[in-house]
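Dumped final.cif below, it's mmCIF, C-alpha atoms:
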```
data_query
#
loop_
_atom_site.label_atom_id
_atom_site.label_comp_id
_atom_site.auth_asym_id
_atom_site.auth_seq_id
_atom_site.Cartn_x
_atom_site.Cartn_y
_atom_site.Cartn_z
CA MET X 29 -109.54 30.64 108.32
CA PRO X 30 -105.79 31.08 108.09
CA TRP X 31 -105.37 32.30 111.61
CA CYS X 32 -109.02 33.06 112.53
CA GLY X 33 -108.08 36.74 112.73
CA PHE X 34 -105.28 38.09 114.85
CA ASN X 35 -106.54 39.93 117.86
CA GLN X 36 -104.50 41.90 120.39
CA LYS X 37 -104.12 39.00 122.81
CA MET X 38 -102.85 36.64 120.16
CA GLU X 39 -100.35 39.19 118.93
CA GLN X 40 -99.10 39.92 122.45
CA GLY X 41 -98.96 36.23 123.33
CA LEU X 42 -96.97 35.39 120.24
CA LEU X 43 -94.61 38.29 120.80
CA GLY X 44 -94.02 37.22 124.42
CA LEU X 45 -93.35 33.63 123.46
CA GLN X 46 -90.92 34.60 120.70
CA ALA X 47 -89.07 37.09 122.88
CA GLY X 48 -88.83 34.47 125.63
CA LEU X 49 -87.41 31.91 123.23
CA VAL X 50 -84.51 34.27 122.53
CA GLU X 51 -84.05 36.05 125.87
CA HIS X 52 -84.54 33.04 128.12
CA GLY X 53 -83.64 30.24 125.74
CA ILE X 54 -80.55 31.68 124.12
CA ILE X 55 -79.23 34.82 125.82
CA ASP X 56 -79.72 33.90 129.48
CA ARG X 57 -78.79 30.27 128.89
CA SER X 58 -75.55 31.31 127.14
CA LYS X 59 -74.58 33.42 130.17
CA LYS X 60 -75.35 30.60 132.61
CA LYS X 61 -73.39 28.05 130.62
CA SER X 62 -70.58 30.47 129.65
CA GLN X 63 -70.98 29.69 125.97
CA THR X 64 -71.64 31.69 122.82
CA HIS X 65 -75.16 32.36 121.50
CA GLU X 66 -74.27 30.26 118.47
CA GLU X 67 -73.29 27.27 120.64
CA THR X 68 -76.50 27.54 122.69
CA LEU X 69 -78.66 27.87 119.60
CA GLN X 70 -77.07 24.86 117.90
CA LYS X 71 -77.55 22.80 121.08
CA GLU X 72 -81.23 23.79 121.20
CA LEU X 73 -81.72 22.86 117.55
CA SER X 74 -79.99 19.54 118.12
CA ASP X 75 -82.13 18.78 121.19
CA MET X 76 -85.31 19.65 119.32
CA SER X 77 -84.30 17.50 116.35
CA ARG X 78 -83.72 14.53 118.67
CA PHE X 79 -87.03 15.18 120.44
CA MET X 80 -88.92 15.28 117.13
CA LYS X 81 -87.84 11.67 116.50
CA GLU X 82 -89.47 10.56 119.78
CA ILE X 83 -92.68 12.61 119.65
CA HIS X 84 -94.54 9.69 118.06
CA ARG X 85 -94.45 8.10 121.53
CA ILE X 86 -96.97 10.68 122.83
CA ARG X 87 -100.23 8.75 122.82
CA ASP X 88 -102.81 11.54 122.91
CA PRO X 89 -103.23 12.69 119.28
CA GLU X 90 -103.94 16.37 120.04
CA LEU X 91 -101.12 16.66 122.56
CA ARG X 92 -98.80 14.91 120.11
CA GLU X 93 -99.73 17.30 117.30
CA LEU X 94 -99.47 20.38 119.54
CA THR X 95 -96.09 19.32 120.93
CA GLU X 96 -94.76 18.55 117.48
CA THR X 97 -96.06 21.82 116.06
CA LEU X 98 -94.66 23.90 118.92
CA THR X 99 -91.26 22.23 118.60
CA LYS X 100 -91.26 22.81 114.82
CA TYR X 101 -92.26 26.43 115.37
CA ALA X 102 -89.42 26.98 117.85
CA CYS X 103 -86.92 25.31 115.46
CA ALA X 104 -87.95 27.42 112.48
CA PHE X 105 -88.01 30.56 114.61
CA TYR X 106 -84.48 29.94 115.90
CA LYS X 107 -83.25 29.36 112.35
CA LEU X 108 -84.77 32.65 111.24
CA VAL X 109 -83.33 34.55 114.20
CA ASN X 110 -79.92 33.01 113.58
CA LYS X 111 -80.06 33.99 109.90
CA ARG X 112 -80.85 37.62 110.76
CA GLY X 113 -78.46 37.80 113.71
CA ILE X 114 -79.45 37.25 117.34
CA ASN X 115 -78.78 40.91 118.14
CA ASN X 116 -81.59 41.87 115.73
CA TYR X 117 -84.10 39.50 117.31
CA MET X 118 -86.71 42.15 118.18
CA LYS X 119 -86.75 43.45 114.60
CA THR X 120 -87.11 39.86 113.37
CA ILE X 121 -90.02 39.25 115.75
CA GLN X 122 -91.77 42.44 114.64
CA ALA X 123 -91.25 41.60 110.97
CA LEU X 124 -92.55 38.07 111.47
CA ASN X 125 -95.66 39.21 113.30
CA LYS X 126 -96.29 41.80 110.60
CA PHE X 127 -96.06 38.94 108.06
CA PHE X 128 -98.75 37.01 109.97
CA TRP X 129 -100.90 40.12 110.22
CA GLU X 130 -100.61 40.70 106.44
CA MET X 131 -101.68 37.10 105.88
CA ASP X 132 -104.76 37.57 107.99
CA ASN X 133 -105.61 40.95 106.52
CA LYS X 134 -105.32 39.71 102.94
CA TYR X 135 -107.60 36.77 103.63
CA TYR X 136 -110.31 38.66 105.50
CA THR X 137 -110.40 41.75 103.29
CA GLU X 138 -110.01 40.17 99.85
CA LEU X 139 -110.03 36.41 99.65
CA GLU X 140 -112.53 34.92 102.08
CA GLY X 141 -115.20 32.96 100.25
CA LYS X 142 -113.53 33.24 96.85
CA PRO X 143 -112.46 30.24 94.76
CA GLU X 144 -108.86 29.15 95.31
CA ASP X 145 -108.67 31.50 98.30
CA MET X 146 -105.94 29.55 100.10
CA LYS X 147 -103.85 29.08 96.95
CA GLN X 148 -103.93 32.83 96.31
CA LEU X 149 -103.14 33.53 99.94
CA ALA X 150 -100.09 31.25 99.96
CA GLU X 151 -98.81 32.81 96.72
CA TYR X 152 -99.41 36.32 98.08
CA LEU X 153 -97.19 35.55 101.07
CA ASN X 154 -94.22 35.23 98.69
CA GLU X 155 -94.59 38.93 97.91
CA ILE X 156 -94.26 40.11 101.48
CA LYS X 157 -90.81 41.22 102.58
CA VAL X 158 -89.91 40.03 106.05
CA MET A 295 -84.19 20.77 126.65
CA PRO A 296 -86.66 20.46 123.77
CA MET A 297 -88.23 23.87 124.39
CA CYS A 298 -85.17 25.55 126.00
CA GLY A 299 -87.16 25.72 129.19
CA PHE A 300 -90.32 27.65 129.64
CA ASN A 301 -90.00 30.59 131.98
CA GLN A 302 -92.99 32.23 133.67
CA GLU A 303 -93.33 34.95 131.02
CA MET A 304 -93.40 32.42 128.21
CA LEU A 305 -96.09 30.39 129.96
CA GLU A 306 -98.18 33.54 130.48
CA SER A 307 -97.68 34.44 126.81
CA MET A 308 -98.89 30.99 125.79
CA ASP A 309 -101.96 31.50 128.00
CA GLU A 310 -102.58 34.82 126.28
CA LEU A 311 -102.19 33.28 122.83
CA HIS A 312 -104.60 30.46 123.68
CA GLU A 313 -107.15 32.85 125.19
CA GLY A 314 -106.89 35.04 122.11
CA LEU A 315 -107.51 32.05 119.84
CA MET A 316 -110.62 31.10 121.81
CA GLU A 317 -111.94 34.67 121.88
CA ALA A 318 -111.48 34.97 118.12
CA LEU A 319 -113.43 31.73 117.69
CA VAL A 320 -116.28 32.96 119.85
CA ASP A 321 -116.31 36.35 118.07
CA ASN A 322 -116.45 34.61 114.68
CA GLU A 323 -119.29 32.38 115.81
CA SER A 324 -121.23 35.48 116.92
CA LEU A 325 -120.60 37.15 113.56
CA ASP A 326 -121.80 34.04 111.70
CA SER A 327 -125.00 33.97 113.80
CA GLU A 328 -125.69 37.65 113.09
CA GLU A 329 -125.21 37.12 109.35
CA GLN A 330 -127.67 34.21 109.36
CA GLU A 331 -130.30 36.40 111.05
#
```
Rewritten as structure tokens:
Amino acid sequence: MPWCGFNQKMEQGLLGLQAGLVEHGIIDRSKKKSQTHEETLQKELSDMSRFMKEIHRIRDPELRELTETLTKYACAFYKLVNKRGINNYMKTIQALNKFFWEMDNKYYTELEGKPEDMKQLAEYLNEIKV
Amino acid sequence: MPMCGFNQEMLESMDELHEGLMEALVDNESLDSEEQE
């Protein structure tokens, strides 16, 4: 299952987390530190990159994997938001969540149980405009 | 900070995401059981 089916809670949870990453992590932080969004974002990416090098020290395997995955998610999300412009962050979030929804919909309506289902799904995702 | 600091809303959103993941799992298990019957 690619995402085991997006339900309302998952969608809302993801939206809240992503919005928080921008509003709390970048916008509010920039105001508090009297620096530009770009400076704050680059600092966050730098911190996360340094943290990634030390994550191997987390002993519990599931906690290590979850922490690593969450940090990677935040990094990639910030890079996408930066590419599209921080002022457009809500549009970026909506487009990204639509991308995930399309992934789920494609799998559950057309591909589940078919040979090479995941290969076809990954290739299909190249066709979606975000 | 590695995660730019979690605020309350972000923590609640993570709770919601995790709950949603679990509910989807339970729903899928129920569907699988029905199909087997």
Name the residues in contact with Gly314 in chain A at a cut-off of 9 Å, using only C-alpha atoms, excluding same-chain residues fewer than 4 positions from it; report them as a list in words.
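In the requested form, the answer reads Phe34, Asn35, Gln36, Lys37, Met38, Glu39 and Gly41 of chain X; Asp309, Glu310, Ala318 and Leu319 of chain A.
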Excluding same-chain residues fewer than 2 positions from Gly44 in chain X, what lies within 9 Å of it counting all atoms listed in the file, as a VMD selection string?
(chain X and resid 39 to 42 46 to 49) or (chain A and resid 303 to 304 306 to 308)
Selection result for the PyMOL selection byres ((chain X) within 12 of (chain A)) on this file, as a PyMOL selection string
chain X and resi 29-58+68-83+95-103+105-106+136
CA of Lys157 in chain X to CA of Lys126 in chain X: how many Å, to one decimal?
9.7 Å
Might you spell out which residues the PyMOL selection byres ((chain X and resi 153) around 10) would select in the displayed file, as a ChimeraX atom specification?
/X:127-128,130-131,134,148-152,154-158
In Å to one decimal, how far is CA of Lys107 in chain X from CA of Glu90 in chain X?
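Going from CA of Glu90 in chain X over to CA of Lys107 in chain X covers 25.6 Å.
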Kindly write all heavy atoms of range 78-91 of chain X from the structure just given to a file, as a PDB file, in the first residue's frame.
```pdb
ATOM      1  N   ARG X  78      23.259  18.746   9.463  1.00  0.00           N
ATOM      2  CA  ARG X  78      24.187  18.366  10.539  1.00  0.00           C
ATOM      3  C   ARG X  78      23.575  17.290  11.412  1.00  0.00           C
ATOM      4  O   ARG X  78      24.258  16.346  11.829  1.00  0.00           O
ATOM      5  CB  ARG X  78      24.564  19.598  11.378  1.00  0.00           C
ATOM      6  CG  ARG X  78      25.425  20.598  10.642  1.00  0.00           C
ATOM      7  CD  ARG X  78      25.972  21.714  11.544  1.00  0.00           C
ATOM      8  NE  ARG X  78      24.966  22.443  12.265  1.00  0.00           N
ATOM      9  CZ  ARG X  78      24.787  22.385  13.586  1.00  0.00           C
ATOM     10  NH1 ARG X  78      25.562  21.612  14.318  1.00  0.00           N
ATOM     11  NH2 ARG X  78      23.845  23.104  14.161  1.00  0.00           N
ATOM     12  N   PHE X  79      22.277  17.418  11.689  1.00  0.00           N
ATOM     13  CA  PHE X  79      21.580  16.432  12.526  1.00  0.00           C
ATOM     14  C   PHE X  79      21.557  15.064  11.854  1.00  0.00           C
ATOM     15  O   PHE X  79      21.752  14.033  12.526  1.00  0.00           O
ATOM     16  CB  PHE X  79      20.163  16.926  12.810  1.00  0.00           C
ATOM     17  CG  PHE X  79      19.380  16.057  13.742  1.00  0.00           C
ATOM     18  CD1 PHE X  79      19.867  15.689  14.977  1.00  0.00           C
ATOM     19  CD2 PHE X  79      18.113  15.606  13.374  1.00  0.00           C
ATOM     20  CE1 PHE X  79      19.129  14.884  15.837  1.00  0.00           C
ATOM     21  CE2 PHE X  79      17.361  14.803  14.227  1.00  0.00           C
ATOM     22  CZ  PHE X  79      17.874  14.446  15.451  1.00  0.00           C
ATOM     23  N   MET X  80      21.329  15.049  10.542  1.00  0.00           N
ATOM     24  CA  MET X  80      21.274  13.790   9.795  1.00  0.00           C
ATOM     25  C   MET X  80      22.559  12.973   9.989  1.00  0.00           C
ATOM     26  O   MET X  80      22.519  11.740  10.021  1.00  0.00           O
ATOM     27  CB  MET X  80      21.069  14.066   8.294  1.00  0.00           C
ATOM     28  CG  MET X  80      19.675  14.486   7.928  1.00  0.00           C
ATOM     29  SD  MET X  80      18.419  13.224   8.198  1.00  0.00           S
ATOM     30  CE  MET X  80      18.955  12.013   7.000  1.00  0.00           C
ATOM     31  N   LYS X  81      23.681  13.657  10.128  1.00  0.00           N
ATOM     32  CA  LYS X  81      24.974  12.968  10.296  1.00  0.00           C
ATOM     33  C   LYS X  81      25.088  12.290  11.668  1.00  0.00           C
ATOM     34  O   LYS X  81      25.926  11.421  11.862  1.00  0.00           O
ATOM     35  CB  LYS X  81      26.129  13.964  10.109  1.00  0.00           C
ATOM     36  CG  LYS X  81      26.274  14.425   8.676  1.00  0.00           C
ATOM     37  CD  LYS X  81      27.321  15.509   8.521  1.00  0.00           C
ATOM     38  CE  LYS X  81      27.313  16.023   7.090  1.00  0.00           C
ATOM     39  NZ  LYS X  81      28.071  17.253   6.922  1.00  0.00           N
ATOM     40  N   GLU X  82      24.262  12.721  12.616  1.00  0.00           N
ATOM     41  CA  GLU X  82      24.350  12.193  13.984  1.00  0.00           C
ATOM     42  C   GLU X  82      23.211  11.242  14.330  1.00  0.00           C
ATOM     43  O   GLU X  82      23.220  10.626  15.387  1.00  0.00           O
ATOM     44  CB  GLU X  82      24.362  13.353  15.000  1.00  0.00           C
ATOM     45  CG  GLU X  82      25.417  14.419  14.752  1.00  0.00           C
ATOM     46  CD  GLU X  82      26.842  13.883  14.837  1.00  0.00           C
ATOM     47  OE1 GLU X  82      27.061  12.830  15.472  1.00  0.00           O
ATOM     48  OE2 GLU X  82      27.738  14.514  14.239  1.00  0.00           O
ATOM     49  N   ILE X  83      22.238  11.124  13.435  1.00  0.00           N
ATOM     50  CA  ILE X  83      21.048  10.312  13.726  1.00  0.00           C
ATOM     51  C   ILE X  83      21.398   8.846  13.977  1.00  0.00           C
ATOM     52  O   ILE X  83      20.692   8.153  14.714  1.00  0.00           O
ATOM     53  CB  ILE X  83      20.004  10.490  12.584  1.00  0.00           C
ATOM     54  CG1 ILE X  83      19.163  11.736  12.874  1.00  0.00           C
ATOM     55  CG2 ILE X  83      19.090   9.279  12.429  1.00  0.00           C
ATOM     56  CD1 ILE X  83      18.207  12.118  11.781  1.00  0.00           C
ATOM     57  N   HIS X  84      22.502   8.379  13.419  1.00  0.00           N
ATOM     58  CA  HIS X  84      22.902   6.985  13.625  1.00  0.00           C
ATOM     59  C   HIS X  84      23.129   6.684  15.110  1.00  0.00           C
ATOM     60  O   HIS X  84      23.105   5.510  15.511  1.00  0.00           O
ATOM     61  CB  HIS X  84      24.183   6.660  12.832  1.00  0.00           C
ATOM     62  CG  HIS X  84      25.384   7.422  13.261  1.00  0.00           C
ATOM     63  ND1 HIS X  84      26.269   6.954  14.206  1.00  0.00           N
ATOM     64  CD2 HIS X  84      25.848   8.634  12.891  1.00  0.00           C
ATOM     65  CE1 HIS X  84      27.223   7.857  14.390  1.00  0.00           C
ATOM     66  NE2 HIS X  84      26.986   8.879  13.602  1.00  0.00           N
ATOM     67  N   ARG X  85      23.282   7.718  15.914  1.00  0.00           N
ATOM     68  CA  ARG X  85      23.505   7.521  17.358  1.00  0.00           C
ATOM     69  C   ARG X  85      22.219   7.131  18.096  1.00  0.00           C
ATOM     70  O   ARG X  85      22.281   6.700  19.255  1.00  0.00           O
ATOM     71  CB  ARG X  85      24.076   8.798  17.988  1.00  0.00           C
ATOM     72  CG  ARG X  85      25.427   9.207  17.441  1.00  0.00           C
ATOM     73  CD  ARG X  85      25.920  10.497  18.079  1.00  0.00           C
ATOM     74  NE  ARG X  85      27.044  11.034  17.345  1.00  0.00           N
ATOM     75  CZ  ARG X  85      28.296  10.586  17.470  1.00  0.00           C
ATOM     76  NH1 ARG X  85      28.569   9.606  18.310  1.00  0.00           N
ATOM     77  NH2 ARG X  85      29.262  11.128  16.759  1.00  0.00           N
ATOM     78  N   ILE X  86      21.056   7.303  17.452  1.00  0.00           N
ATOM     79  CA  ILE X  86      19.794   6.914  18.098  1.00  0.00           C
ATOM     80  C   ILE X  86      19.721   5.394  18.080  1.00  0.00           C
ATOM     81  O   ILE X  86      19.754   4.782  17.012  1.00  0.00           O
ATOM     82  CB  ILE X  86      18.568   7.532  17.370  1.00  0.00           C
ATOM     83  CG1 ILE X  86      18.675   9.064  17.376  1.00  0.00           C
ATOM     84  CG2 ILE X  86      17.272   7.070  18.019  1.00  0.00           C
ATOM     85  CD1 ILE X  86      17.629   9.762  16.512  1.00  0.00           C
ATOM     86  N   ARG X  87      19.627   4.804  19.251  1.00  0.00           N
ATOM     87  CA  ARG X  87      19.758   3.345  19.356  1.00  0.00           C
ATOM     88  C   ARG X  87      18.517   2.574  18.913  1.00  0.00           C
ATOM     89  O   ARG X  87      18.623   1.558  18.245  1.00  0.00           O
ATOM     90  CB  ARG X  87      20.147   2.951  20.784  1.00  0.00           C
ATOM     91  CG  ARG X  87      21.606   3.236  21.105  1.00  0.00           C
ATOM     92  CD  ARG X  87      22.010   2.583  22.422  1.00  0.00           C
ATOM     93  NE  ARG X  87      21.381   3.264  23.550  1.00  0.00           N
ATOM     94  CZ  ARG X  87      21.924   4.284  24.184  1.00  0.00           C
ATOM     95  NH1 ARG X  87      23.090   4.770  23.828  1.00  0.00           N
ATOM     96  NH2 ARG X  87      21.300   4.836  25.199  1.00  0.00           N
ATOM     97  N   ASP X  88      17.337   3.092  19.278  1.00  0.00           N
ATOM     98  CA  ASP X  88      16.113   2.371  18.922  1.00  0.00           C
ATOM     99  C   ASP X  88      15.912   2.445  17.409  1.00  0.00           C
ATOM    100  O   ASP X  88      15.828   3.540  16.839  1.00  0.00           O
ATOM    101  CB  ASP X  88      14.917   3.004  19.652  1.00  0.00           C
ATOM    102  CG  ASP X  88      13.628   2.276  19.365  1.00  0.00           C
ATOM    103  OD1 ASP X  88      13.070   2.437  18.247  1.00  0.00           O
ATOM    104  OD2 ASP X  88      13.167   1.529  20.239  1.00  0.00           O
ATOM    105  N   PRO X  89      15.779   1.287  16.719  1.00  0.00           N
ATOM    106  CA  PRO X  89      15.741   1.312  15.251  1.00  0.00           C
ATOM    107  C   PRO X  89      14.521   2.035  14.674  1.00  0.00           C
ATOM    108  O   PRO X  89      14.644   2.765  13.681  1.00  0.00           O
ATOM    109  CB  PRO X  89      15.753  -0.166  14.850  1.00  0.00           C
ATOM    110  CG  PRO X  89      15.490  -0.936  16.084  1.00  0.00           C
ATOM    111  CD  PRO X  89      15.819  -0.078  17.250  1.00  0.00           C
ATOM    112  N   GLU X  90      13.346   1.848  15.307  1.00  0.00           N
ATOM    113  CA  GLU X  90      12.148   2.521  14.779  1.00  0.00           C
ATOM    114  C   GLU X  90      12.212   4.019  15.017  1.00  0.00           C
ATOM    115  O   GLU X  90      11.890   4.810  14.134  1.00  0.00           O
ATOM    116  CB  GLU X  90      10.864   1.942  15.410  1.00  0.00           C
ATOM    117  CG  GLU X  90      10.429   0.605  14.831  1.00  0.00           C
ATOM    118  CD  GLU X  90      11.238  -0.551  15.364  1.00  0.00           C
ATOM    119  OE1 GLU X  90      11.616  -0.508  16.571  1.00  0.00           O
ATOM    120  OE2 GLU X  90      11.509  -1.499  14.609  1.00  0.00           O
ATOM    121  N   LEU X  91      12.654   4.413  16.203  1.00  0.00           N
ATOM    122  CA  LEU X  91      12.769   5.850  16.493  1.00  0.00           C
ATOM    123  C   LEU X  91      13.801   6.491  15.584  1.00  0.00           C
ATOM    124  O   LEU X  91      13.621   7.622  15.106  1.00  0.00           O
ATOM    125  CB  LEU X  91      13.154   6.079  17.955  1.00  0.00           C
ATOM    126  CG  LEU X  91      12.064   5.823  18.976  1.00  0.00           C
ATOM    127  CD1 LEU X  91      12.588   6.074  20.390  1.00  0.00           C
ATOM    128  CD2 LEU X  91      10.842   6.695  18.727  1.00  0.00           C
TER     129      LEU X  91
END
```
